[in-house]
file protein13.cif (mmCIF, C-alpha atoms and all ligand atoms)
data_model
#
loop_
_atom_site.label_atom_id
_atom_site.label_comp_id
_atom_site.auth_asym_id
_atom_site.auth_seq_id
_atom_site.Cartn_x
_atom_site.Cartn_y
_atom_site.Cartn_z
CA MET A 1 31.13 25.34 3.66
CA PRO A 2 28.88 23.79 1.03
CA LYS A 3 29.12 24.85 -2.60
CA TYR A 4 26.07 26.91 -3.49
CA LEU A 5 24.51 27.28 -6.90
CA LEU A 6 21.56 29.52 -7.72
CA ILE A 7 19.40 28.79 -10.75
CA ARG A 8 17.42 31.95 -11.14
CA GLY A 9 14.91 33.77 -13.31
CA ALA A 10 12.95 30.74 -14.47
CA ARG A 11 9.86 31.94 -16.24
CA GLN A 12 8.16 28.81 -14.93
CA LEU A 13 9.64 26.74 -12.15
CA LEU A 14 7.80 23.43 -11.78
CA THR A 15 8.47 22.11 -8.30
CA LEU A 16 6.15 19.06 -8.38
CA ARG A 17 6.08 19.40 -4.59
CA GLY A 18 3.59 17.30 -2.70
CA PRO A 19 2.66 13.67 -2.11
CA ALA A 20 3.86 10.76 -4.20
CA PRO A 21 2.68 9.01 -6.20
CA ARG A 22 0.09 11.39 -7.62
CA ARG A 23 -3.35 10.11 -8.59
CA GLY A 24 -6.36 11.45 -10.42
CA ARG A 25 -6.60 15.22 -10.27
CA GLN A 26 -3.35 15.52 -8.31
CA LEU A 27 -1.56 14.61 -11.54
CA SER A 28 -2.27 18.15 -12.77
CA GLU A 29 -0.61 19.88 -9.82
CA LEU A 30 2.82 21.03 -10.88
CA GLY A 31 3.56 23.41 -7.98
CA LEU A 32 4.34 26.15 -10.50
CA ILE A 33 6.26 29.25 -9.41
CA GLN A 34 6.58 32.13 -11.86
CA ASP A 35 9.98 33.78 -11.98
CA GLY A 36 11.32 31.07 -9.72
CA ALA A 37 14.73 30.10 -8.42
CA VAL A 38 16.35 27.00 -6.96
CA LEU A 39 19.23 27.20 -4.51
CA VAL A 40 21.42 24.12 -4.57
CA ALA A 41 23.88 23.25 -1.80
CA ASP A 42 26.37 20.60 -2.95
CA ASP A 43 24.24 17.75 -4.31
CA LYS A 44 20.93 18.71 -2.66
CA ILE A 45 18.21 21.29 -3.00
CA HIS A 46 18.52 23.89 -0.27
CA SER A 47 15.44 25.95 -1.07
CA VAL A 48 13.00 26.83 -3.81
CA GLY A 49 10.91 29.99 -4.34
CA ALA A 50 10.40 33.25 -6.17
CA SER A 51 13.68 34.64 -7.58
CA ARG A 52 13.35 37.92 -5.71
CA ARG A 53 13.03 36.22 -2.34
CA MET A 54 15.71 33.67 -3.06
CA GLU A 55 18.25 36.26 -4.16
CA ASN A 56 18.05 37.79 -0.69
CA LEU A 57 19.06 34.63 1.12
CA LYS A 58 22.52 34.95 2.57
CA GLU A 59 23.59 31.65 0.98
CA ALA A 60 22.48 32.97 -2.41
CA ARG A 61 25.01 35.77 -2.20
CA LEU A 62 27.78 33.19 -2.08
CA ALA A 63 26.34 31.16 -4.92
CA GLU A 64 27.50 30.65 -8.45
CA GLU A 65 24.61 31.49 -10.79
CA ILE A 66 22.89 29.76 -13.64
CA ASP A 67 20.67 32.10 -15.60
CA ALA A 68 17.35 30.49 -16.55
CA THR A 69 15.66 33.68 -17.69
CA GLY A 70 12.65 32.99 -19.87
CA LYS A 71 12.98 29.23 -19.51
CA VAL A 72 11.19 26.32 -17.83
CA VAL A 73 13.01 24.64 -14.94
CA MET A 74 11.67 21.33 -13.66
CA PRO A 75 12.79 18.04 -12.10
CA GLY A 76 14.84 15.82 -14.40
CA PHE A 77 12.83 13.06 -16.02
CA VAL A 78 12.79 9.72 -14.23
CA ASP A 79 12.58 7.09 -16.96
CA SER A 80 11.38 4.09 -15.00
CA HIS A 81 11.25 1.46 -17.76
CA THR A 82 14.01 0.88 -20.34
CA HIS A 83 16.07 -1.91 -21.87
CA PHE A 84 18.97 0.41 -22.73
CA VAL A 85 21.77 -2.18 -22.63
CA PHE A 86 21.51 -3.88 -26.01
CA PRO A 87 24.11 -4.69 -28.65
CA ALA A 88 22.58 -3.33 -31.87
CA PRO A 89 19.43 -1.96 -33.49
CA ARG A 90 17.09 -4.42 -35.24
CA LEU A 91 16.87 -2.84 -38.65
CA ASP A 92 15.76 -5.94 -40.55
CA ASP A 93 12.79 -6.32 -38.21
CA PHE A 94 12.00 -2.67 -38.82
CA GLU A 95 11.88 -3.17 -42.58
CA ARG A 96 9.89 -6.40 -42.25
CA ARG A 97 7.29 -4.57 -40.20
CA ILE A 98 7.16 -1.76 -42.72
CA ALA A 99 6.41 -4.45 -45.31
CA GLY A 100 3.54 -5.74 -43.18
CA ASP A 101 4.88 -8.32 -40.71
CA SER A 102 3.73 -8.12 -37.11
CA TYR A 103 6.12 -7.87 -34.14
CA LEU A 104 5.63 -11.58 -33.35
CA GLU A 105 6.16 -12.58 -36.98
CA THR A 106 9.55 -10.87 -37.07
CA GLY A 107 10.46 -12.95 -34.03
CA ARG A 108 9.49 -16.16 -35.82
CA LYS A 109 11.61 -15.20 -38.84
CA GLY A 110 14.91 -14.99 -37.01
CA GLY A 111 14.57 -11.48 -35.63
CA GLY A 112 12.87 -10.33 -32.44
CA ILE A 113 14.24 -10.57 -28.93
CA HIS A 114 16.17 -13.74 -29.80
CA ALA A 115 18.24 -11.90 -32.41
CA THR A 116 19.26 -9.38 -29.74
CA VAL A 117 20.02 -12.23 -27.30
CA GLN A 118 22.28 -13.95 -29.79
CA ALA A 119 24.17 -10.72 -30.43
CA LEU A 120 24.43 -9.74 -26.76
CA ARG A 121 25.89 -13.10 -25.80
CA GLN A 122 28.70 -12.45 -28.30
CA THR A 123 29.35 -8.87 -27.21
CA SER A 124 32.05 -8.16 -24.66
CA PRO A 125 31.21 -6.35 -21.43
CA ARG A 126 33.32 -3.43 -22.66
CA GLY A 127 31.42 -3.28 -25.93
CA LEU A 128 28.10 -3.19 -24.06
CA GLU A 129 29.46 -0.63 -21.67
CA SER A 130 30.60 1.80 -24.36
CA ARG A 131 27.23 1.57 -26.11
CA GLY A 132 25.42 2.05 -22.82
CA LEU A 133 27.55 5.07 -22.03
CA ARG A 134 26.67 6.64 -25.34
CA TRP A 135 22.96 6.21 -24.62
CA LEU A 136 23.27 7.59 -21.10
CA LYS A 137 24.79 10.77 -22.45
CA MET A 138 21.88 11.10 -24.85
CA PHE A 139 19.38 10.51 -22.04
CA ALA A 140 21.08 13.33 -20.15
CA ALA A 141 20.96 15.59 -23.19
CA CYS A 142 17.19 15.09 -23.34
CA GLY A 143 16.63 16.00 -19.67
CA THR A 144 16.62 12.58 -17.96
CA THR A 145 18.48 12.25 -14.66
CA THR A 146 17.44 8.75 -13.49
CA VAL A 147 17.00 5.72 -15.69
CA GLU A 148 15.93 2.17 -14.98
CA GLY A 149 17.58 -0.55 -17.05
CA LYS A 150 16.55 -4.17 -17.48
CA SER A 151 18.56 -7.24 -18.30
CA GLY A 152 16.70 -9.81 -20.40
CA TYR A 153 18.81 -10.03 -23.55
CA GLY A 154 21.15 -12.54 -21.94
CA LEU A 155 18.78 -15.29 -20.78
CA SER A 156 21.57 -17.40 -19.30
CA PRO A 157 23.11 -17.00 -15.86
CA ALA A 158 26.38 -15.66 -17.29
CA SER A 159 24.86 -13.27 -19.83
CA GLU A 160 22.26 -11.89 -17.44
CA ARG A 161 25.02 -11.32 -14.91
CA LYS A 162 27.13 -9.64 -17.57
CA THR A 163 24.32 -7.21 -18.42
CA LEU A 164 23.60 -6.30 -14.82
CA ARG A 165 27.29 -5.80 -14.07
CA VAL A 166 27.62 -3.49 -17.06
CA MET A 167 24.73 -1.42 -15.70
CA LYS A 168 26.33 -1.38 -12.28
CA ARG A 169 29.49 0.08 -13.81
CA LEU A 170 27.42 2.64 -15.72
CA ASN A 171 25.72 3.95 -12.60
CA GLY A 172 26.48 7.63 -12.11
CA ARG A 173 28.02 8.11 -15.59
CA PRO A 174 26.32 10.50 -15.51
CA LEU A 175 22.82 9.23 -14.64
CA GLU A 176 21.50 7.22 -11.74
CA VAL A 177 20.99 3.71 -13.16
CA VAL A 178 18.47 1.47 -11.37
CA ARG A 179 18.85 -2.22 -12.20
CA THR A 180 16.03 -4.67 -12.92
CA PHE A 181 16.49 -8.40 -13.57
CA LEU A 182 14.36 -9.53 -16.53
CA GLY A 183 15.73 -13.05 -16.90
CA ALA A 184 12.14 -14.01 -17.70
CA HIS A 185 11.94 -11.98 -20.90
CA LEU A 186 11.60 -15.07 -23.12
CA PRO A 187 12.64 -18.68 -22.68
CA PRO A 188 16.03 -18.84 -24.46
CA PRO A 189 16.42 -21.02 -27.59
CA GLU A 190 18.15 -23.81 -25.64
CA TYR A 191 15.03 -24.11 -23.47
CA ALA A 192 12.50 -23.58 -26.26
CA ASP A 193 10.77 -26.90 -25.51
CA LEU A 194 11.39 -26.78 -21.77
CA PRO A 195 9.97 -23.49 -20.54
CA GLU A 196 9.20 -24.87 -17.06
CA GLU A 197 12.82 -25.90 -16.66
CA TYR A 198 13.93 -22.43 -17.63
CA VAL A 199 11.58 -20.99 -15.00
CA THR A 200 13.24 -23.30 -12.48
CA LEU A 201 16.66 -22.06 -13.58
CA VAL A 202 15.44 -18.51 -12.99
CA THR A 203 13.93 -19.24 -9.58
CA ASP A 204 16.49 -21.65 -8.18
CA GLN A 205 19.74 -20.34 -9.60
CA MET A 206 19.57 -16.94 -11.23
CA LEU A 207 17.41 -15.05 -8.72
CA PRO A 208 19.24 -16.22 -5.58
CA GLU A 209 22.60 -15.44 -7.18
CA ILE A 210 21.48 -11.99 -8.29
CA ARG A 211 20.22 -11.32 -4.82
CA ARG A 212 23.44 -12.51 -3.19
CA GLN A 213 25.55 -10.32 -5.42
CA ARG A 214 23.13 -7.39 -5.13
CA LEU A 215 22.97 -7.13 -8.90
CA ALA A 216 19.36 -5.96 -9.13
CA GLU A 217 16.80 -4.14 -7.05
CA PHE A 218 13.75 -5.19 -9.06
CA CYS A 219 12.55 -8.31 -10.88
CA ASP A 220 10.39 -8.02 -13.99
CA VAL A 221 8.60 -10.72 -16.04
CA PHE A 222 7.27 -10.54 -19.61
CA CYS A 223 3.89 -12.21 -19.07
CA ASP A 224 2.48 -12.60 -22.58
CA THR A 225 1.72 -15.02 -25.39
CA GLY A 226 4.99 -16.51 -26.59
CA ALA A 227 6.78 -15.38 -23.44
CA PHE A 228 5.69 -16.57 -19.96
CA THR A 229 2.28 -17.82 -18.83
CA LEU A 230 0.46 -16.38 -15.86
CA ALA A 231 1.39 -19.40 -13.71
CA GLN A 232 5.07 -19.22 -14.70
CA SER A 233 5.12 -15.49 -14.05
CA ARG A 234 3.64 -16.05 -10.62
CA ARG A 235 6.28 -18.65 -9.77
CA ILE A 236 9.08 -16.25 -10.65
CA LEU A 237 7.59 -13.18 -9.01
CA GLU A 238 6.80 -15.01 -5.77
CA VAL A 239 10.40 -16.16 -5.45
CA ALA A 240 11.69 -12.67 -6.27
CA ARG A 241 9.39 -11.18 -3.67
CA ALA A 242 10.51 -13.66 -1.04
CA LEU A 243 14.11 -12.68 -1.79
CA GLY A 244 13.21 -9.05 -1.16
CA LEU A 245 13.28 -7.74 -4.73
CA GLY A 246 10.70 -5.18 -5.83
CA LEU A 247 8.35 -6.47 -8.52
CA LYS A 248 7.55 -5.13 -11.98
CA VAL A 249 5.50 -6.81 -14.69
CA HIS A 250 5.27 -6.39 -18.48
CA ALA A 251 1.50 -6.73 -18.27
CA ASP A 252 -1.19 -6.96 -20.94
CA GLN A 253 1.06 -5.63 -23.71
CA LEU A 254 0.33 -7.83 -26.73
CA SER A 255 -2.33 -10.12 -25.26
CA ARG A 256 -4.32 -10.33 -22.06
CA LEU A 257 -3.29 -13.14 -19.74
CA GLY A 258 -4.33 -11.50 -16.47
CA ALA A 259 -0.94 -10.06 -15.59
CA THR A 260 -2.36 -6.75 -14.41
CA ARG A 261 -4.39 -8.55 -11.76
CA LEU A 262 -1.36 -10.64 -10.82
CA ALA A 263 0.76 -7.51 -10.38
CA VAL A 264 -1.83 -6.01 -8.04
CA GLU A 265 -2.27 -9.24 -6.10
CA LEU A 266 1.48 -9.59 -5.52
CA GLY A 267 1.90 -5.94 -4.55
CA ALA A 268 4.13 -5.13 -7.53
CA VAL A 269 5.68 -1.68 -7.55
CA SER A 270 4.46 -1.22 -11.12
CA ALA A 271 2.43 -2.87 -13.89
CA ASP A 272 3.83 -1.71 -17.20
CA HIS A 273 2.32 -1.40 -20.73
CA LEU A 274 -1.41 -2.21 -20.12
CA GLU A 275 -2.41 -1.68 -23.76
CA GLN A 276 -4.70 -4.74 -23.63
CA ALA A 277 -5.80 -4.37 -20.00
CA ALA A 278 -9.44 -5.31 -19.37
CA GLU A 279 -11.76 -2.59 -18.19
CA GLU A 280 -12.69 -4.66 -15.16
CA ASP A 281 -9.04 -4.77 -14.08
CA LEU A 282 -8.59 -1.02 -14.03
CA ASP A 283 -10.49 -0.40 -10.79
CA GLY A 284 -8.38 -2.93 -8.91
CA LEU A 285 -5.21 -1.37 -10.27
CA ALA A 286 -6.41 2.15 -9.44
CA ALA A 287 -7.26 1.16 -5.89
CA SER A 288 -3.89 -0.50 -5.33
CA GLY A 289 -0.42 0.84 -4.59
CA THR A 290 0.83 -0.52 -7.93
CA ILE A 291 1.83 2.20 -10.38
CA ALA A 292 0.43 2.01 -13.93
CA THR A 293 3.44 2.70 -16.14
CA LEU A 294 2.44 3.58 -19.68
CA LEU A 295 4.82 3.23 -22.62
CA PRO A 296 3.31 4.90 -25.67
CA GLY A 297 6.64 4.83 -27.57
CA SER A 298 6.26 1.11 -28.23
CA VAL A 299 2.70 1.49 -29.51
CA TYR A 300 3.84 4.29 -31.81
CA HIS A 301 6.84 2.41 -33.18
CA LEU A 302 4.92 -0.85 -33.72
CA GLY A 303 2.08 1.11 -35.29
CA SER A 304 -0.57 -0.93 -33.51
CA GLY A 305 -2.60 2.15 -32.68
CA ARG A 306 -3.86 0.64 -29.44
CA PHE A 307 -2.63 2.87 -26.65
CA ALA A 308 -3.15 2.15 -22.97
CA PRO A 309 -6.35 3.56 -21.44
CA ALA A 310 -4.67 6.52 -19.75
CA ARG A 311 -7.80 8.62 -19.27
CA GLN A 312 -9.77 5.77 -17.74
CA LEU A 313 -6.91 5.02 -15.40
CA ILE A 314 -6.56 8.64 -14.31
CA GLU A 315 -10.29 9.06 -13.85
CA ARG A 316 -10.40 5.95 -11.68
CA GLY A 317 -7.61 7.35 -9.50
CA ALA A 318 -4.65 5.26 -10.67
CA ALA A 319 -1.10 6.46 -10.14
CA VAL A 320 0.09 6.76 -13.74
CA ALA A 321 3.76 6.98 -14.76
CA LEU A 322 5.24 7.42 -18.24
CA ALA A 323 8.49 5.91 -19.52
CA THR A 324 10.28 5.41 -22.85
CA ASP A 325 10.65 1.59 -22.83
CA PHE A 326 13.83 2.35 -24.81
CA ASN A 327 14.72 -0.91 -26.60
CA PRO A 328 15.72 -2.08 -30.09
CA GLY A 329 12.53 -4.00 -30.85
CA THR A 330 9.56 -1.88 -29.96
CA SER A 331 10.64 1.56 -28.78
CA PRO A 332 13.85 3.03 -30.12
CA THR A 333 13.61 6.39 -28.38
CA LEU A 334 15.14 7.63 -25.16
CA ASN A 335 13.62 11.08 -25.35
CA MET A 336 10.97 11.61 -22.66
CA GLN A 337 9.84 14.78 -24.43
CA MET A 338 8.66 12.60 -27.31
CA ILE A 339 6.82 10.40 -24.81
CA LEU A 340 5.05 13.49 -23.46
CA SER A 341 3.98 14.36 -27.00
CA LEU A 342 2.58 10.85 -27.52
CA ALA A 343 0.89 10.88 -24.12
CA SER A 344 -0.93 14.08 -25.03
CA THR A 345 -1.77 13.48 -28.67
CA GLN A 346 -2.52 9.75 -28.50
CA MET A 347 -3.64 9.10 -24.93
CA LYS A 348 -5.18 12.51 -24.20
CA MET A 349 -3.12 13.19 -21.11
CA THR A 350 -2.66 16.89 -20.53
CA PRO A 351 0.91 18.24 -20.61
CA ALA A 352 0.70 18.74 -16.83
CA GLU A 353 -0.40 15.15 -16.23
CA GLY A 354 2.36 13.96 -18.51
CA ILE A 355 5.05 15.89 -16.66
CA THR A 356 3.92 14.53 -13.30
CA ALA A 357 3.83 11.00 -14.71
CA ALA A 358 7.35 11.44 -16.12
CA THR A 359 8.95 12.85 -12.97
CA ILE A 360 7.62 12.26 -9.47
CA ASN A 361 5.50 9.24 -10.43
CA GLY A 362 8.43 7.73 -12.34
CA ALA A 363 10.48 8.19 -9.19
CA ALA A 364 7.76 6.42 -7.19
CA ALA A 365 7.86 3.56 -9.70
CA LEU A 366 11.53 3.15 -8.73
CA ARG A 367 10.91 3.64 -5.00
CA ARG A 368 12.92 6.86 -5.13
CA ALA A 369 10.21 9.48 -4.64
CA ASN A 370 11.88 10.56 -1.41
CA GLN A 371 15.10 11.49 -3.20
CA THR A 372 14.26 12.69 -6.71
CA GLY A 373 11.36 13.56 -9.06
CA SER A 374 10.46 16.90 -7.46
CA LEU A 375 12.29 20.09 -6.49
CA GLU A 376 11.92 20.19 -2.72
CA PRO A 377 14.44 21.01 0.01
CA GLY A 378 16.50 17.98 1.00
CA LYS A 379 16.07 16.10 -2.25
CA PHE A 380 18.83 15.60 -4.78
CA ALA A 381 19.33 18.54 -7.13
CA ASP A 382 18.23 16.59 -10.22
CA LEU A 383 16.73 19.05 -12.70
CA ALA A 384 16.48 20.13 -16.31
CA ILE A 385 16.14 23.51 -18.02
CA PHE A 386 14.06 23.72 -21.19
CA ASP A 387 14.14 26.36 -23.89
CA ALA A 388 10.43 27.07 -23.49
CA GLY A 389 8.47 29.88 -21.90
CA ASP A 390 5.56 27.61 -21.02
CA TYR A 391 5.82 23.98 -19.85
CA ARG A 392 3.14 22.93 -22.34
CA GLU A 393 5.63 23.47 -25.14
CA ILE A 394 7.53 20.40 -23.98
CA ALA A 395 4.59 18.19 -25.00
CA TYR A 396 3.56 20.37 -27.93
CA TYR A 397 6.73 20.29 -30.01
CA PHE A 398 7.62 16.77 -31.06
CA GLY A 399 10.74 15.06 -32.32
CA MET A 400 12.72 18.01 -30.96
CA ASN A 401 15.01 18.47 -28.02
CA LEU A 402 14.23 21.59 -26.01
CA CYS A 403 16.53 20.64 -23.13
CA ARG A 404 19.32 23.16 -22.65
CA LEU A 405 20.84 22.03 -19.36
CA THR A 406 20.60 18.93 -17.19
CA MET A 407 21.85 18.69 -13.62
CA ARG A 408 22.22 15.55 -11.53
CA ARG A 409 23.02 15.80 -7.85
CA GLY A 410 24.12 19.41 -8.24
CA LYS A 411 26.47 18.75 -11.20
CA VAL A 412 25.82 19.93 -14.72
CA ILE A 413 25.81 16.78 -16.85
CA TRP A 414 24.59 18.42 -20.04
CA PRO A 415 25.98 20.24 -21.90
CA GLU A 416 29.26 18.52 -21.17
CA ILE A 417 32.12 20.82 -20.41
CA GLY A 418 35.16 20.02 -22.56
CA ALA A 419 33.49 16.96 -24.07
CA LYS A 420 35.52 14.82 -26.40
CA VAL A 421 34.15 12.42 -28.95
CA GLU A 422 33.78 8.94 -27.42
CA GLU A 423 35.45 6.20 -29.36
CA GLU A 424 33.51 3.07 -30.30
CA THR A 425 34.91 -0.20 -29.01
O1 LIG A 501 8.88 -3.73 -23.55
N1 LIG A 501 7.77 -6.78 -24.47
C1 LIG A 501 8.85 -7.11 -24.13
N2 LIG A 501 9.95 -6.37 -24.10
C2 LIG A 501 10.18 -5.17 -24.83
C3 LIG A 501 10.56 -5.43 -26.23
C4 LIG A 501 11.89 -6.03 -26.32
C5 LIG A 501 12.39 -6.23 -27.72
O2 LIG A 501 11.63 -6.39 -28.68
O3 LIG A 501 13.62 -6.24 -27.85
C6 LIG A 501 9.03 -4.19 -24.66
O4 LIG A 501 8.30 -3.85 -25.60
FE FE A 502 9.72 -3.13 -21.86
#

call {"tool": "encode", "arguments": {"input": "protein13.cif", "output": "structure tokens", "more": "lines below"}}
Ligand code: NIG
Ligand code: FE
result
Amino acid sequence: MPKYLLIRGARQLLTLRGPAPRRGRQLSELGLIQDGAVLVADDKIHSVGASRRMENLKEARLAEEIDATGKVVMPGFVDSHTHFVFPAPRLDDFERRIAGDSYLETGRKGGGIHATVQALRQTSPRGLESRGLRWLKMFAACGTTTVEGKSGYGLSPASERKTLRVMKRLNGRPLEVVRTFLGAHLPPPEYADLPEEYVTLVTDQMLPEIRRQRLAEFCDVFCDTGAFTLAQSRRILEVARALGLGLKVHADQLSRLGATRLAVELGAVSADHLEQAAEEDLDGLAASGTIATLLPGSVYHLGSGRFAPARQLIERGAAVALATDFNPGTSPTLNMQMILSLASTQMKMTPAEGITAATINGAAALRRANQTGSLEPGKFADLAIFDAGDYREIAYYFGMNLCRLTMRRGKVIWPEIGAKVEEET
């Protein structure tokens, strides 16, 4: 007999039931049930409905109970864009930017992505793993149940492999970890004057090897000034596509090279950032199957003030997702609640639109909308309980953690039962 669990009494149960991804006005539809309950059988959702009806189900009588009285219950966040495996924060860059340097200037002065690459190459897999584990627990504590992670701080076959293998070992501890190869983050220092040769290394050696060893499901490229040109990005993405990897693009973040259009043309799963996207590219993106993943944490942390055109995208019918972009250079937060605050206050997305973008649309951006991102029978029981009587509070309070319980695949992953302090290695 399956193990049943009944989460009951939720003041607001957000089911997010319905089609995926959500576009336009559908982004506001949360499938809200007042005084709702979720019945979980093993790792899956058995049924969802009003507490009174659910309590009468025969399976509910056998169930262990979780009391969610007065709280908001919703799908766990699906954070579809992060760089969470990194060796150390970049505190000198932070102070240089406070003193007035731009993000690119810090890179030219010995900081930036290259500083992280140098450190990652010298960090053991175990060292990366223990740091990653620490972050995953914090993601869970903030209500996230699925996280995407990118390589891209290795930039050599061995170091990219090392990063992806670390993520593979971190899968399920306790979050679902989805791996993306970002070997084309920047040309590494040893190829500084030979970017085309580095692209060839990526296409002819790294990508086929990653595919053979099943180390990544997606391939991403940083298409920007100082990173990869549009033509180089195309070369890499076309090879990745031919190998069967899903495509993602860091598009129009710092400058506009046409990457949004390229993502649409190649049928990318998502085009991410879009802060500098041209108005004329938005219609094409909105009409396509490519998800517009917005990352307001990086705009906030860099202080550029130029947020992606969320309202225009939504009004044109784009499928918008939100993610943290958790990384040491531009977005040191892993808290999706903070991202919802930024989405509302800076990009004028309503709390309901934000929640949809951070759950079911995030799941669609990882091709997992059929298994997570909404509370519907048959899907994994991935959910979070917030200490709020109204879902809008999650976007309203900022810099706080309202998450009181997180469940992945039917198991409570936060708070940890009998947790002990992890030792640093
Ligand atoms: O998404 N833009 C490229 N990649 C990251 C930043 C990485 C870093 O600075 O370490 C981003 O913002
Ligand atoms: Fe990123």

call {"tool": "residues_near_ligand", "arguments": {"input": "protein13.cif", "ligand": "ligand FE 502 (chain A)", "cutoff": "7 Å", "atoms": "only C-alpha atoms and all ligand atoms", "output": "VMD selection string"}}
result
chain A and resid 81 to 83 250 325

call {"tool": "residues_around", "arguments": {"input": "protein13.cif", "residues": "Leu285 of chain A", "least_positions_apart": "3", "cutoff": "8 Å", "atoms": "all atoms listed in the file", "output": "number ranges by chain"}}
result
A: 260-261, 264, 281-282, 288-292, 318

call {"tool": "residues_near_ligand", "arguments": {"input": "protein13.cif", "ligand": "ligand LIG 501 (chain A)", "cutoff": "9 Å", "atoms": "all atoms listed in the file", "output": "PyMOL selection string"}}
result
chain A and resi 81-83+86+90+103+107+112-117+152-153+185-186+221-224+227+250-251+253-254+272-273+295+298-299+325-331

call {"tool": "atom_distance", "arguments": {"input": "protein13.cif", "atom1": "atom CA of Gln12 of chain A", "atom2": "atom CA of Gly389 of chain A"}}
result
7.1 Å

call {"tool": "closest_residue", "arguments": {"input": "protein13.cif", "among": "A:Arg161, A:Lys58, A:Arg108, A:Lys137", "to": "Glu176 of chain A", "atoms": "all atoms listed in the file"}}
result
A:Lys137

call {"tool": "closest_residue", "arguments": {"input": "protein13.cif", "among": "A:Glu416, A:Glu393, A:Asp252, A:Asp387", "to": "Thr350 of chain A", "atoms": "all atoms listed in the file"}}
result
A:Glu393

call {"tool": "atom_distance", "arguments": {"input": "protein13.cif", "atom1": "atom CA of Ser233 of chain A", "atom2": "atom CA of Pro309 of chain A"}}
result
23.4 Å

call {"tool": "closest_residue", "arguments": {"input": "protein13.cif", "among": "A:Lys109, A:Arg311, A:His301, A:Lys162", "to": "Met338 of chain A", "atoms": "only C-alpha atoms"}}
result
A:His301

call {"tool": "closest_atom_pairs", "arguments": {"input": "protein13.cif", "of": "segment 12-101 of chain A", "to": "segment 364-386 of chain A", "cutoff": "6 Å", "atoms": "only C-alpha atoms", "output": "tab-separated table"}}
result
residue	atom	partner	partner_atom	distance
A:Thr15	CA	A:Leu375	CA	4.7
A:Leu16	CA	A:Ser374	CA	4.9
A:Arg17	CA	A:Ser374	CA	5.8
A:Pro21	CA	A:Ala364	CA	5.8
A:Asp43	CA	A:Ala381	CA	5.7
A:Lys44	CA	A:Phe380	CA	4.3
A:Ile45	CA	A:Pro377	CA	4.8
A:His46	CA	A:Pro377	CA	5.0
A:Ser47	CA	A:Pro377	CA	5.2
A:Lys71	CA	A:Phe386	CA	5.9
A:Val72	CA	A:Phe386	CA	5.1
A:Val73	CA	A:Ile385	CA	4.5
A:Met74	CA	A:Ala384	CA	5.6
A:Pro75	CA	A:Leu383	CA	4.1
A:Gly76	CA	A:Leu383	CA	4.1

call {"tool": "atom_distance", "arguments": {"input": "protein13.cif", "atom1": "atom CA of Asp67 of chain A", "atom2": "atom CA of Ser51 of chain A"}}
result
10.9 Å

call {"tool": "residues_around", "arguments": {"input": "protein13.cif", "residues": "Ala319 of chain A", "least_positions_apart": "5", "cutoff": "12 Å", "atoms": "only C-alpha atoms", "output": "PyMOL selection string"}}
result
chain A and resi 19-27+269-272+282-294+310-314+353-354+356-358+360-365

call {"tool": "write_last_selection", "arguments": {"input": "protein13.cif", "atoms": "C-alpha atoms", "output": "short mmCIF file (atom, residue, chain, number, x, y, z; two decimals), in the coordinates of the input"}}
result
data_model
loop_
_atom_site.label_atom_id
_atom_site.label_comp_id
_atom_site.auth_asym_id
_atom_site.auth_seq_id
_atom_site.Cartn_x
_atom_site.Cartn_y
_atom_site.Cartn_z
CA PRO A 19 2.66 13.67 -2.11
CA ALA A 20 3.86 10.76 -4.20
CA PRO A 21 2.68 9.01 -6.20
CA ARG A 22 0.09 11.39 -7.62
CA ARG A 23 -3.35 10.11 -8.59
CA GLY A 24 -6.36 11.45 -10.42
CA ARG A 25 -6.60 15.22 -10.27
CA GLN A 26 -3.35 15.52 -8.31
CA LEU A 27 -1.56 14.61 -11.54
CA VAL A 269 5.68 -1.68 -7.55
CA SER A 270 4.46 -1.22 -11.12
CA ALA A 271 2.43 -2.87 -13.89
CA ASP A 272 3.83 -1.71 -17.20
CA LEU A 282 -8.59 -1.02 -14.03
CA ASP A 283 -10.49 -0.40 -10.79
CA GLY A 284 -8.38 -2.93 -8.91
CA LEU A 285 -5.21 -1.37 -10.27
CA ALA A 286 -6.41 2.15 -9.44
CA ALA A 287 -7.26 1.16 -5.89
CA SER A 288 -3.89 -0.50 -5.33
CA GLY A 289 -0.42 0.84 -4.59
CA THR A 290 0.83 -0.52 -7.93
CA ILE A 291 1.83 2.20 -10.38
CA ALA A 292 0.43 2.01 -13.93
CA THR A 293 3.44 2.70 -16.14
CA LEU A 294 2.44 3.58 -19.68
CA ALA A 310 -4.67 6.52 -19.75
CA ARG A 311 -7.80 8.62 -19.27
CA GLN A 312 -9.77 5.77 -17.74
CA LEU A 313 -6.91 5.02 -15.40
CA ILE A 314 -6.56 8.64 -14.31
CA GLU A 353 -0.40 15.15 -16.23
CA GLY A 354 2.36 13.96 -18.51
CA THR A 356 3.92 14.53 -13.30
CA ALA A 357 3.83 11.00 -14.71
CA ALA A 358 7.35 11.44 -16.12
CA ILE A 360 7.62 12.26 -9.47
CA ASN A 361 5.50 9.24 -10.43
CA GLY A 362 8.43 7.73 -12.34
CA ALA A 363 10.48 8.19 -9.19
CA ALA A 364 7.76 6.42 -7.19
CA ALA A 365 7.86 3.56 -9.70
#

call {"tool": "closest_residue", "arguments": {"input": "protein13.cif", "among": "A:Asp204, A:Glu95, A:Glu280, A:Glu265", "to": "Ala240 of chain A", "atoms": "all atoms listed in the file"}}
result
A:Asp204
